[in-house]
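*Asks:* Dumping the structure here so I can ask a few things about it.
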Amino acid sequence: MKSLRRLLESKTAIVGLVILALSVLAAIIGPSIAPYDPHEQQLKLRLKAPSWLPGGAEGHWLGTDQLGRDVLSRVLWGTRISLIIGLSAVFIAGALGLMLGLICGYYGGKIDTIIMRLGDIQLAFPFILLVIAIVAVLGTSLINVILVFGVAGWVIYARTARGIVLSLKEKEFVEAARALGFRDRNILYGQIMPNALTSMIVIATVRVGQVIIWESGLSFLGLGIPPPIITWGRMLAEGRPYLSTGWWCCTFPGIAIMLIVLGLNLLGDAMIDAFDPRFSRESS
């Protein structure tokens, strides 16, 4: 309760929560309130400025792109896709990493050595290059992108969970559970795992923003989710040739990426300060 109170008293956390809440709201109701069909092409309105600028297209608050599609509608639809990818990939990576970290830390031995060395090998490759290589082999689709980011991101969760288990498995409450005849499974999931969840949630909060940036980078390179699914990264790639004549095509998707990642990072930093003050003191 004290940690939660510290979190709610943090201005950084409040700002991050507000940005995140607005992003989630946009993802839920955005497609319903979008003023236009995001796929509808109106070539006579191509590269029209936002309606609040001189000569802007009436009714198109953020202007139109090179095919006359409404930028605001496409940004709203892209919010849902970005959050689905970020949350799904982080959930898969967190669940896989937590399970492997609990097993490695509790049992140790050969299984710990093998899994941790596999993690070291994976960390030897730049993450985004590893993802690009896997996506290039598997193909580009929404499911493939989510699975690749999920499976490739397990290491940080596994290492964190393993360290927590190593610090807790000799504690008195764990020894008492063993003395009472609790099975290893019950000790792991009933006694130790609840103590690791807070750290997992903090890592996941920041990681969602990173996944959104990585996915946008893949889509920008043409290796992400293929059309007609709308992503912010693809909007950036499609609008890049028209920066001089239609800056709004890139600017507003870029602002959307910046805001949602900023909100997640602010919330993650506030959670670190609230739930693990020692970390913030040690890093300062």
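Ligands are numbered from 1 in the order shown, residues from 1 within each chain, and chains are lettered A, B, ... in the order they appear in the structure tokens.
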Neighbouring residues of Val90 of chain A were defined as those with any atom within 10 Å, considering only C-alpha atoms; residues of the same chain fewer than 5 positions away were excluded. Please report them as number ranges by chain.

*Replies:* A: 84-85, 95-96, 146-147, 149-151, 153-154, 157, 201, 203-211

*Asks:* Got a sec to tell me which of segment 45-283 of chain A DSSP assigns to helix (DSSP H, G or I), as a VMD selection string?

*Replies:* chain A and resid 45 71 to 107 109 to 123 127 to 138 142 to 152 155 to 168 172 to 179 184 to 221 232 to 242 248 to 275 277 to 283

*Asks:* Determine, counting only C-alpha atoms, which protein, DNA and RNA residues have an atom within 8 Å of an atom of Trp77 of chain A; residues of the same chain fewer than 2 positions away are not included. Present the result as a PyMOL selection string.

*Replies:* chain A and resi 27+30-31+38+73-75+79-81+230-231

*Asks:* Using N, CA, C and O atoms, can you export the residues from the last selection as an mmCIF file, in the first residue's frame?

*Replies:*
```cif
data_model
loop_
_atom_site.group_PDB
_atom_site.id
_atom_site.type_symbol
_atom_site.label_atom_id
_atom_site.label_comp_id
_atom_site.auth_asym_id
_atom_site.auth_seq_id
_atom_site.Cartn_x
_atom_site.Cartn_y
_atom_site.Cartn_z
ATOM 1 N N ALA A 27 -7.333 3.653 -28.639
ATOM 2 C CA ALA A 27 -7.294 2.322 -29.243
ATOM 3 C C ALA A 27 -8.656 1.645 -29.191
ATOM 4 O O ALA A 27 -9.043 0.925 -30.117
ATOM 5 N N GLY A 30 -11.259 4.701 -30.848
ATOM 6 C CA GLY A 30 -10.757 5.464 -31.991
ATOM 7 C C GLY A 30 -11.363 5.060 -33.323
ATOM 8 O O GLY A 30 -11.860 5.908 -34.079
ATOM 9 N N PRO A 31 -11.354 3.749 -33.653
ATOM 10 C CA PRO A 31 -11.950 3.357 -34.931
ATOM 11 C C PRO A 31 -13.433 3.726 -35.055
ATOM 12 O O PRO A 31 -13.926 3.923 -36.167
ATOM 13 N N PRO A 38 -10.235 4.836 -42.975
ATOM 14 C CA PRO A 38 -8.787 5.058 -43.117
ATOM 15 C C PRO A 38 -8.202 4.536 -44.419
ATOM 16 O O PRO A 38 -7.095 4.913 -44.797
ATOM 17 N N SER A 73 -7.712 9.629 -39.073
ATOM 18 C CA SER A 73 -8.338 8.305 -39.012
ATOM 19 C C SER A 73 -7.289 7.202 -39.004
ATOM 20 O O SER A 73 -7.404 6.215 -38.256
ATOM 21 N N ARG A 74 -6.244 7.363 -39.783
ATOM 22 C CA ARG A 74 -5.202 6.340 -39.852
ATOM 23 C C ARG A 74 -4.384 6.302 -38.568
ATOM 24 O O ARG A 74 -3.972 5.225 -38.120
ATOM 25 N N VAL A 75 -4.143 7.457 -37.963
ATOM 26 C CA VAL A 75 -3.419 7.481 -36.683
ATOM 27 C C VAL A 75 -4.241 6.781 -35.594
ATOM 28 O O VAL A 75 -3.705 6.014 -34.785
ATOM 29 N N THR A 79 -3.185 3.235 -33.523
ATOM 30 C CA THR A 79 -3.019 3.130 -32.067
ATOM 31 C C THR A 79 -3.360 1.736 -31.582
ATOM 32 O O THR A 79 -2.657 1.144 -30.760
ATOM 33 N N ARG A 80 -4.469 1.196 -32.086
ATOM 34 C CA ARG A 80 -4.899 -0.135 -31.658
ATOM 35 C C ARG A 80 -3.860 -1.188 -32.023
ATOM 36 O O ARG A 80 -3.503 -2.052 -31.190
ATOM 37 N N ILE A 81 -3.341 -1.124 -33.233
ATOM 38 C CA ILE A 81 -2.364 -2.121 -33.685
ATOM 39 C C ILE A 81 -1.090 -2.045 -32.846
ATOM 40 O O ILE A 81 -0.547 -3.072 -32.416
ATOM 41 N N ILE A 230 -2.935 -0.977 -40.779
ATOM 42 C CA ILE A 230 -2.324 0.341 -40.619
ATOM 43 C C ILE A 230 -1.390 0.338 -39.414
ATOM 44 O O ILE A 230 -1.786 -0.045 -38.314
ATOM 45 N N THR A 231 -0.154 0.742 -39.633
ATOM 46 C CA THR A 231 0.797 0.908 -38.535
ATOM 47 C C THR A 231 1.461 2.269 -38.658
ATOM 48 O O THR A 231 1.597 2.813 -39.755
#
```

*Asks:* Check the smallest atom-to-atom distance from each of A:Trp232, A:Phe275, A:Tyr242, A:Trp248 to Ser82 of chain A using only C-alpha atoms, then report the winner.

*Replies:*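 So, comparing all the options, the nearest one is A:Trp232.
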
*Asks:* Which neighbours of segment 13-23 of chain A fall inside 6 Å, counting only C-alpha atoms, when residues of the same chain fewer than 6 positions from it are skipped, and could you give them as a list of chain:residue names?

*Replies:* A:Gly263, A:Leu266, A:Leu267, A:Ala270

*Asks:* So that I can check the surroundings of Met271 of chain A, please list as JSON, numbers by chain every protein, DNA and RNA residue that reaches within 10 Å of it, counting only C-alpha atoms and ignoring chain neighbours fewer than 6 positions away.

*Replies:* {"A": [3, 4, 6, 7, 8, 10, 12, 13, 198, 199, 201, 202, 203, 205, 206, 265, 277]}

*Asks:* For Leu98 of chain A, which of A:Pro194, A:Pro228, A:Gly68, A:Gly78 is the closest residue, counting only C-alpha atoms?

*Replies:*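 Among A:Pro194, A:Pro228, A:Gly68, A:Gly78, it is A:Pro194 that comes nearest to Leu98 of chain A.
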
*Asks:* Tell me, as a PyMOL selection string, which residues lie within 8 Å of segment 126-136 of chain A, counting only C-alpha atoms; anything in the same chain fewer than 3 positions away does not count.

*Replies:* chain A and resi 123+139-140+144-145+148-149+152+214+218+223-224

*Asks:* Excluding Arg234 of chain A and residues on its chain fewer than 6 positions from it, collect all residues at most 8 Å away from it, counting only C-alpha atoms, and give them as a PyMOL selection string.

*Replies:* chain A and resi 216+219-220+222

*Asks:* To one decimal in Å, tell me the separation between atom CA of Ala196 of chain A and atom CA of Met99 of chain A.

*Replies:*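 These atoms are spaced 10.9 Å apart.
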
*Asks:* Nearest residue to Ala93 of chain A out of A:Ala158, A:Ala179, A:Val137, A:Leu76, using only C-alpha atoms?

*Replies:*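 The answer is A:Ala158, which sits nearest to Ala93 of chain A.
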
*Asks:* Using only C-alpha atoms, pick whichever of A:Leu262, A:Ala49, A:Ile229, A:Met200 has the shortest atom-to-atom distance to Ser141 of chain A.

*Replies:*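 Ranked by minimum distance to Ser141 of chain A, first place goes to A:Ile229.
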
*Asks:* When you count only C-alpha atoms, which of these residues is closest to Ile192 of chain A: A:Leu264, A:Ala177, A:Cys249, A:Ala237?

*Replies:* A:Ala177

*Asks:* Using only C-alpha atoms, I'd like a table of the residues in segment 82-164 of chain A that come within 10 Å of segment 182-191 of chain A; for each, show the closest atom pair and its distance in Å rounded to one decimal, ordered by chain and ascending number, as JSON lines.

*Replies:*
```
{"residue": "A:Met99", "atom": "CA", "partner": "A:Tyr189", "partner_atom": "CA", "distance": 9.5}
{"residue": "A:Leu102", "atom": "CA", "partner": "A:Leu188", "partner_atom": "CA", "distance": 7.0}
{"residue": "A:Ile103", "atom": "CA", "partner": "A:Leu188", "partner_atom": "CA", "distance": 8.4}
{"residue": "A:Tyr106", "atom": "CA", "partner": "A:Leu188", "partner_atom": "CA", "distance": 7.8}
{"residue": "A:Tyr107", "atom": "CA", "partner": "A:Asp184", "partner_atom": "CA", "distance": 9.5}
```

*Asks:* Can you write out the residues you just picked, keeping N, CA and C atoms, as a JSON list (two decimals), in the first residue's frame?

*Replies:*
```
[["chain", "number", "residue", "atom", "x", "y", "z"],
["A", 99, "MET", "N", 8.83, -17.91, -16.20],
["A", 99, "MET", "CA", 8.84, -19.36, -15.98],
["A", 99, "MET", "C", 10.27, -19.92, -16.01],
["A", 102, "LEU", "N", 12.30, -18.69, -12.92],
["A", 102, "LEU", "CA", 11.95, -19.40, -11.69],
["A", 102, "LEU", "C", 12.60, -20.78, -11.64],
["A", 103, "ILE", "N", 12.55, -21.48, -12.76],
["A", 103, "ILE", "CA", 13.13, -22.83, -12.81],
["A", 103, "ILE", "C", 14.64, -22.78, -12.64],
["A", 106, "TYR", "N", 15.62, -21.70, -8.96],
["A", 106, "TYR", "CA", 15.24, -22.64, -7.88],
["A", 106, "TYR", "C", 16.01, -23.95, -7.96],
["A", 107, "TYR", "N", 16.16, -24.49, -9.17],
["A", 107, "TYR", "CA", 16.79, -25.81, -9.31],
["A", 107, "TYR", "C", 18.28, -25.72, -9.59]]
```

*Asks:* Of the candidates A:Lys110, A:His39, A:Arg159, A:Lys48, which one gets nearest to Gly246 of chain A if we count only C-alpha atoms?

*Replies:* A:Lys48
